[in-house]
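Enquirer: My structure file protein-v8.cif, mmCIF, C-alpha atoms, is below:
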data_structure
loop_
_atom_site.label_atom_id
_atom_site.label_comp_id
_atom_site.auth_asym_id
_atom_site.auth_seq_id
_atom_site.Cartn_x
_atom_site.Cartn_y
_atom_site.Cartn_z
CA ASP E 163 -20.43 -17.20 -8.43
CA PRO E 164 -18.11 -14.52 -6.98
CA ASN E 165 -18.28 -16.09 -3.53
CA PRO E 166 -18.01 -19.89 -3.84
CA ASN E 167 -17.87 -20.27 -0.04
CA PRO E 168 -20.99 -18.59 1.38
CA LYS E 169 -19.54 -18.75 4.92
CA ARG E 170 -16.51 -16.71 3.89
CA ASN E 171 -16.88 -12.95 3.87
CA PRO E 172 -15.18 -11.82 0.64
CA ARG E 173 -14.47 -8.41 2.19
CA ILE E 174 -12.09 -9.91 4.78
CA MET E 175 -8.51 -9.30 3.75
CA GLU E 176 -7.10 -12.70 4.68
CA ILE E 177 -3.39 -11.99 4.22
CA THR E 178 -3.48 -8.71 6.11
CA ALA E 179 -5.62 -10.41 8.78
CA LEU E 180 -3.01 -13.17 9.14
CA TYR E 181 -0.18 -10.72 9.80
CA ALA E 182 -2.37 -8.50 11.98
CA GLY E 183 -3.11 -11.53 14.16
CA LEU E 184 0.50 -12.71 14.37
CA LEU E 185 1.78 -9.22 15.07
CA GLY E 186 -0.97 -8.77 17.65
CA PHE E 187 0.32 -11.79 19.58
CA TRP E 188 3.84 -10.29 19.61
CA TYR E 189 2.43 -6.96 20.80
CA LEU E 190 0.71 -8.76 23.70
CA ILE E 191 4.04 -10.31 24.68
CA LEU E 192 5.77 -6.93 24.58
CA THR E 193 2.92 -5.44 26.62
CA ALA E 194 3.18 -8.21 29.21
CA LEU E 195 6.93 -7.57 29.53
CA VAL E 196 6.35 -3.89 30.22
CA ILE E 197 3.66 -4.67 32.80
CA SER E 198 5.73 -7.34 34.55
CA THR E 199 8.80 -5.08 34.66
CA ARG E 200 6.67 -2.30 36.16
CA MET E 201 5.30 -4.65 38.79
CA GLU E 202 8.69 -6.21 39.65
CA ASN E 203 10.33 -2.81 40.04
CA LYS E 204 7.32 -0.93 41.44
CA ILE E 205 7.40 1.62 38.61
CA SER E 206 4.07 3.37 38.21
CA LEU E 207 4.85 5.96 35.53
CA HIS E 208 7.60 6.48 32.97
CA ASP E 209 10.70 4.29 33.31
CA GLY E 210 11.80 5.02 36.89
CA GLY E 211 15.39 5.33 35.66
CA ASN E 212 15.45 1.55 35.16
CA THR E 213 17.37 0.65 31.97
CA GLU E 214 15.49 -2.63 31.51
CA MET E 215 12.22 -0.71 31.73
CA MET E 216 13.50 1.86 29.22
CA SER E 217 14.40 -0.85 26.70
CA ARG E 218 11.13 -2.72 27.10
CA MET E 219 9.10 0.49 26.81
CA ARG E 220 10.93 1.37 23.59
CA ALA E 221 10.37 -2.11 22.13
CA HIS E 222 6.66 -1.76 22.91
CA GLY E 223 6.45 1.86 21.76
CA ASN E 224 8.44 1.32 18.59
CA PHE E 225 6.14 -1.53 17.63
CA ALA E 226 3.09 0.66 18.27
CA GLU E 227 4.59 3.42 16.11
CA TYR E 228 5.27 1.26 13.05
CA ILE E 229 2.79 -1.58 12.81
CA PRO E 230 -0.59 0.19 12.58
CA TYR E 231 0.59 2.19 9.57
CA ALA E 232 2.19 -0.94 8.05
CA LEU E 233 -1.07 -2.88 8.32
CA ILE E 234 -3.05 0.01 6.83
CA MET E 235 -0.75 0.00 3.78
CA MET E 236 -1.06 -3.79 3.45
CA TYR E 237 -4.85 -3.48 3.68
CA ILE E 238 -4.91 -0.81 0.95
CA MET E 239 -2.85 -3.01 -1.37
CA GLU E 240 -4.81 -6.17 -0.61
CA ASN E 241 -8.07 -4.32 -1.18
CA SER E 242 -6.91 -3.00 -4.55
CA ASN E 243 -7.65 -4.55 -7.90
CA SER E 244 -4.04 -4.45 -9.07
CA PHE E 245 -0.67 -6.21 -9.10
CA PHE E 246 -0.26 -5.22 -5.46
CA ASN E 247 -3.14 -7.51 -4.52
CA ASN E 248 -0.83 -10.45 -5.12
CA ALA E 249 -0.31 -13.11 -2.45
CA GLY E 250 3.45 -13.31 -3.07
CA TRP E 251 3.88 -9.54 -2.83
CA LEU E 252 1.72 -9.25 0.30
CA HIS E 253 3.34 -12.21 2.06
CA THR E 254 6.79 -10.80 1.30
CA ILE E 255 5.82 -7.52 2.94
CA GLY E 256 4.05 -9.28 5.81
CA VAL E 257 7.09 -11.47 6.53
CA LEU E 258 9.39 -8.44 6.42
CA PHE E 259 7.21 -6.65 8.98
CA LEU E 260 6.72 -9.72 11.18
CA VAL E 261 10.32 -10.93 11.28
CA GLY E 262 11.62 -7.37 11.43
CA ARG E 263 9.50 -6.53 14.46
CA LEU E 264 10.33 -9.87 16.15
CA LEU E 265 14.07 -9.27 15.75
CA HIS E 266 13.91 -5.63 16.82
CA GLY E 267 11.66 -6.36 19.79
CA TYR E 268 13.85 -9.26 20.88
CA ALA E 269 16.95 -7.06 20.87
CA LEU E 270 15.32 -4.39 23.01
CA ALA E 271 13.03 -6.38 25.29
CA PHE E 272 14.96 -9.61 25.86
CA SER E 273 18.65 -9.23 25.11
CA GLY E 274 19.38 -6.26 27.37
CA ASN E 275 21.77 -5.08 24.67
CA ASN E 276 20.47 -2.41 22.29
CA LEU E 277 23.42 -3.03 19.98
CA HIS E 278 22.54 -6.70 19.54
CA PHE E 279 22.75 -7.61 15.82
CA THR E 280 19.04 -8.36 15.71
CA ARG E 281 18.08 -4.74 16.29
CA PRO E 282 19.59 -3.23 13.11
CA MET E 283 18.56 -6.31 11.12
CA GLY E 284 15.00 -5.91 12.41
CA MET E 285 14.95 -2.25 11.47
CA MET E 286 16.32 -3.00 7.99
CA MET E 287 13.57 -5.55 7.42
CA THR E 288 10.87 -3.22 8.76
CA LEU E 289 12.08 -0.30 6.64
CA THR E 290 12.30 -2.52 3.55
CA GLY E 291 8.68 -3.57 4.13
CA PHE E 292 7.74 0.08 4.59
CA SER E 293 9.55 1.08 1.41
CA LEU E 294 7.83 -1.61 -0.67
CA SER E 295 4.44 -0.77 0.85
CA SER E 296 4.95 2.94 0.32
CA VAL E 297 5.84 2.40 -3.34
CA GLY E 298 2.83 0.13 -3.77
CA CYS E 299 0.41 2.61 -2.20
CA PHE E 300 1.91 5.54 -4.08
CA VAL E 301 1.66 3.75 -7.43
CA LEU E 302 -1.94 2.81 -6.60
CA SER E 303 -2.69 6.48 -5.91
CA LEU E 304 -1.51 7.37 -9.41
CA GLY E 305 -3.97 4.91 -10.92
CA VAL E 306 -1.35 3.48 -13.30
CA VAL E 307 -1.84 -0.17 -12.30
#
Show me this structure written as structure tokens.
Expert:
Amino acid sequence: DPNPNPKRNPRIMEITALYAGLLGFWYLILTALVISTRMENKISLHDGGNTEMMSRMRAHGNFAEYIPYALIMMYIMENSNSFFNNAGWLHTIGVLFLVGRLLHGYALAFSGNNLHFTRPMGMMMTLTGFSLSSVGCFVLSLGVV
């Protein structure tokens, strides 16, 4: 029986769904920070010249720029019938994205210091996850695995 648990939809990509959910919670926090900073400083549009607003907007925007594409690549790999549909591989990439975005977002949205060590570390982790995902998707496109 290909689906031993009839309540479980076999088409749901559980690992990608896990990281999508966790990352979604972090995105809500970043969104709430932007909204609260706007309200506190009565900033309707843009950043109002407020450096805290600028940093929080970039944390939010940077997340929105990276994570959708990251999750699409994870979904492609998890949906494949190859080595890249491997729990260890997918969790490694998911953790790199999750921790990388947490560190980067913390540096911009909470620390008030864009040079905080967590920002470059977060970017390194995110870019490592992107590199691994890009290689995985590219290799899948060649049909060699």
Enquirer: Go through E:Met216, E:Leu185, E:Leu192, E:Ala232 and flag the residue nearest Cys299 of chain E, using only C-alpha atoms for the distances.
Expert: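 For Cys299 of chain E, the nearest of the candidates is E:Ala232.
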Enquirer: Name every residue that the PyMOL selection byres ((chain E and resi 251-262) around 9) selects in this structure, writing the answer as a PyMOL selection string with chains first and numbers rising.
Expert: chain E and resi 177-178+180-182+184-185+188+229+232-233+236+239-240+245-250+263-267+280-281+283-292+294-295
Enquirer: On this structure, the PyMOL selection byres ((chain E and resi 193-200) around 8) would catch which residues? List them as a list in words, sorted by chain and number.
Expert: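 Matching residues under the PyMOL selection byres ((chain E and resi 193-200) around 8) are Tyr189, Leu190, Ile191, Leu192, Met201, Glu202, Asn203, Lys204, Ile205, Ser206, Glu214, Met215, Arg218, Met219, His222 and Ala271 of chain E.
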Enquirer: Could you tell me how far atom CA of Met175 of chain E sits from atom CA of Tyr237 of chain E, in Å to one decimal place?
Expert: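 Interatomic distance here is 6.9 Å.
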Enquirer: Name the residues that the PyMOL selection byres ((chain E and resi 303) around 12) pulls out of this structure, and write them as a PyMOL selection string.
Expert: chain E and resi 235+238-239+242+244+246+296-302+304-307
Enquirer: Smallest atom-to-atom distance to Ala269 of chain E: which of E:Phe187, E:Pro230, E:Ser217, E:Asn224, using all atoms listed in the file?
Expert: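 Counting all atoms listed in the file, the residue closest to Ala269 of chain E is E:Ser217.
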Enquirer: With only C-alpha atoms as the atoms that count, which of E:Gly186, E:Asp209, E:Ala221, E:Ile234 lies nearest to Ser273 of chain E?
Expert: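 Using only C-alpha atoms, Ser273 of chain E sits closest to E:Ala221.
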Enquirer: Quick one, how far is atom CA of Phe225 of chain E from atom CA of Ser293 of chain E?
Expert: 16.8 Å
Enquirer: For the atom pair atom CA of Gly183 of chain E and atom CA of Tyr228 of chain E, what is the interatomic distance in Å to one decimal place?
Expert: 15.3 Å
Enquirer: So, counting all atoms listed in the file, which residue among E:Thr213, E:Asn241, E:Ala226, E:Arg220 is closest to Ala179 of chain E?
Expert: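 So, comparing all the options, the nearest one is E:Asn241.
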Enquirer: Restore N, CA, C and O atoms in segment 232-243 of chain E and list the result as a PDB file, in the frame of the given file.
Expert:
ATOM      1  N   ALA E 232       1.807   0.161   8.951  1.00  0.00           N
ATOM      2  CA  ALA E 232       2.190  -0.940   8.050  1.00  0.00           C
ATOM      3  C   ALA E 232       0.971  -1.760   7.650  1.00  0.00           C
ATOM      4  O   ALA E 232       0.785  -2.086   6.475  1.00  0.00           O
ATOM      5  N   LEU E 233       0.125  -2.076   8.622  1.00  0.00           N
ATOM      6  CA  LEU E 233      -1.070  -2.880   8.320  1.00  0.00           C
ATOM      7  C   LEU E 233      -2.072  -2.106   7.470  1.00  0.00           C
ATOM      8  O   LEU E 233      -2.746  -2.693   6.622  1.00  0.00           O
ATOM      9  N   ILE E 234      -2.158  -0.810   7.670  1.00  0.00           N
ATOM     10  CA  ILE E 234      -3.050   0.010   6.830  1.00  0.00           C
ATOM     11  C   ILE E 234      -2.573  -0.054   5.374  1.00  0.00           C
ATOM     12  O   ILE E 234      -3.382  -0.232   4.455  1.00  0.00           O
ATOM     13  N   MET E 235      -1.259   0.065   5.154  1.00  0.00           N
ATOM     14  CA  MET E 235      -0.750   0.000   3.780  1.00  0.00           C
ATOM     15  C   MET E 235      -0.986  -1.381   3.174  1.00  0.00           C
ATOM     16  O   MET E 235      -1.361  -1.490   2.003  1.00  0.00           O
ATOM     17  N   MET E 236      -0.784  -2.440   3.965  1.00  0.00           N
ATOM     18  CA  MET E 236      -1.060  -3.790   3.450  1.00  0.00           C
ATOM     19  C   MET E 236      -2.537  -3.924   3.095  1.00  0.00           C
ATOM     20  O   MET E 236      -2.874  -4.506   2.062  1.00  0.00           O
ATOM     21  N   TYR E 237      -3.404  -3.403   3.939  1.00  0.00           N
ATOM     22  CA  TYR E 237      -4.850  -3.480   3.680  1.00  0.00           C
ATOM     23  C   TYR E 237      -5.200  -2.744   2.381  1.00  0.00           C
ATOM     24  O   TYR E 237      -5.972  -3.255   1.574  1.00  0.00           O
ATOM     25  N   ILE E 238      -4.635  -1.572   2.181  1.00  0.00           N
ATOM     26  CA  ILE E 238      -4.910  -0.810   0.950  1.00  0.00           C
ATOM     27  C   ILE E 238      -4.497  -1.627  -0.269  1.00  0.00           C
ATOM     28  O   ILE E 238      -5.255  -1.733  -1.243  1.00  0.00           O
ATOM     29  N   MET E 239      -3.313  -2.223  -0.213  1.00  0.00           N
ATOM     30  CA  MET E 239      -2.850  -3.010  -1.370  1.00  0.00           C
ATOM     31  C   MET E 239      -3.695  -4.255  -1.569  1.00  0.00           C
ATOM     32  O   MET E 239      -4.064  -4.585  -2.695  1.00  0.00           O
ATOM     33  N   GLU E 240      -4.024  -4.943  -0.472  1.00  0.00           N
ATOM     34  CA  GLU E 240      -4.810  -6.170  -0.610  1.00  0.00           C
ATOM     35  C   GLU E 240      -6.226  -5.874  -1.087  1.00  0.00           C
ATOM     36  O   GLU E 240      -6.849  -6.700  -1.745  1.00  0.00           O
ATOM     37  N   ASN E 241      -6.719  -4.705  -0.782  1.00  0.00           N
ATOM     38  CA  ASN E 241      -8.070  -4.320  -1.180  1.00  0.00           C
ATOM     39  C   ASN E 241      -8.115  -3.750  -2.594  1.00  0.00           C
ATOM     40  O   ASN E 241      -9.185  -3.481  -3.115  1.00  0.00           O
ATOM     41  N   SER E 242      -6.940  -3.569  -3.201  1.00  0.00           N
ATOM     42  CA  SER E 242      -6.910  -3.000  -4.550  1.00  0.00           C
ATOM     43  C   SER E 242      -7.172  -4.081  -5.592  1.00  0.00           C
ATOM     44  O   SER E 242      -7.110  -5.274  -5.309  1.00  0.00           O
ATOM     45  N   ASN E 243      -7.453  -3.648  -6.778  1.00  0.00           N
ATOM     46  CA  ASN E 243      -7.650  -4.550  -7.900  1.00  0.00           C
ATOM     47  C   ASN E 243      -6.453  -4.355  -8.834  1.00  0.00           C
ATOM     48  O   ASN E 243      -6.590  -3.836  -9.930  1.00  0.00           O
TER      49      ASN E 243
END
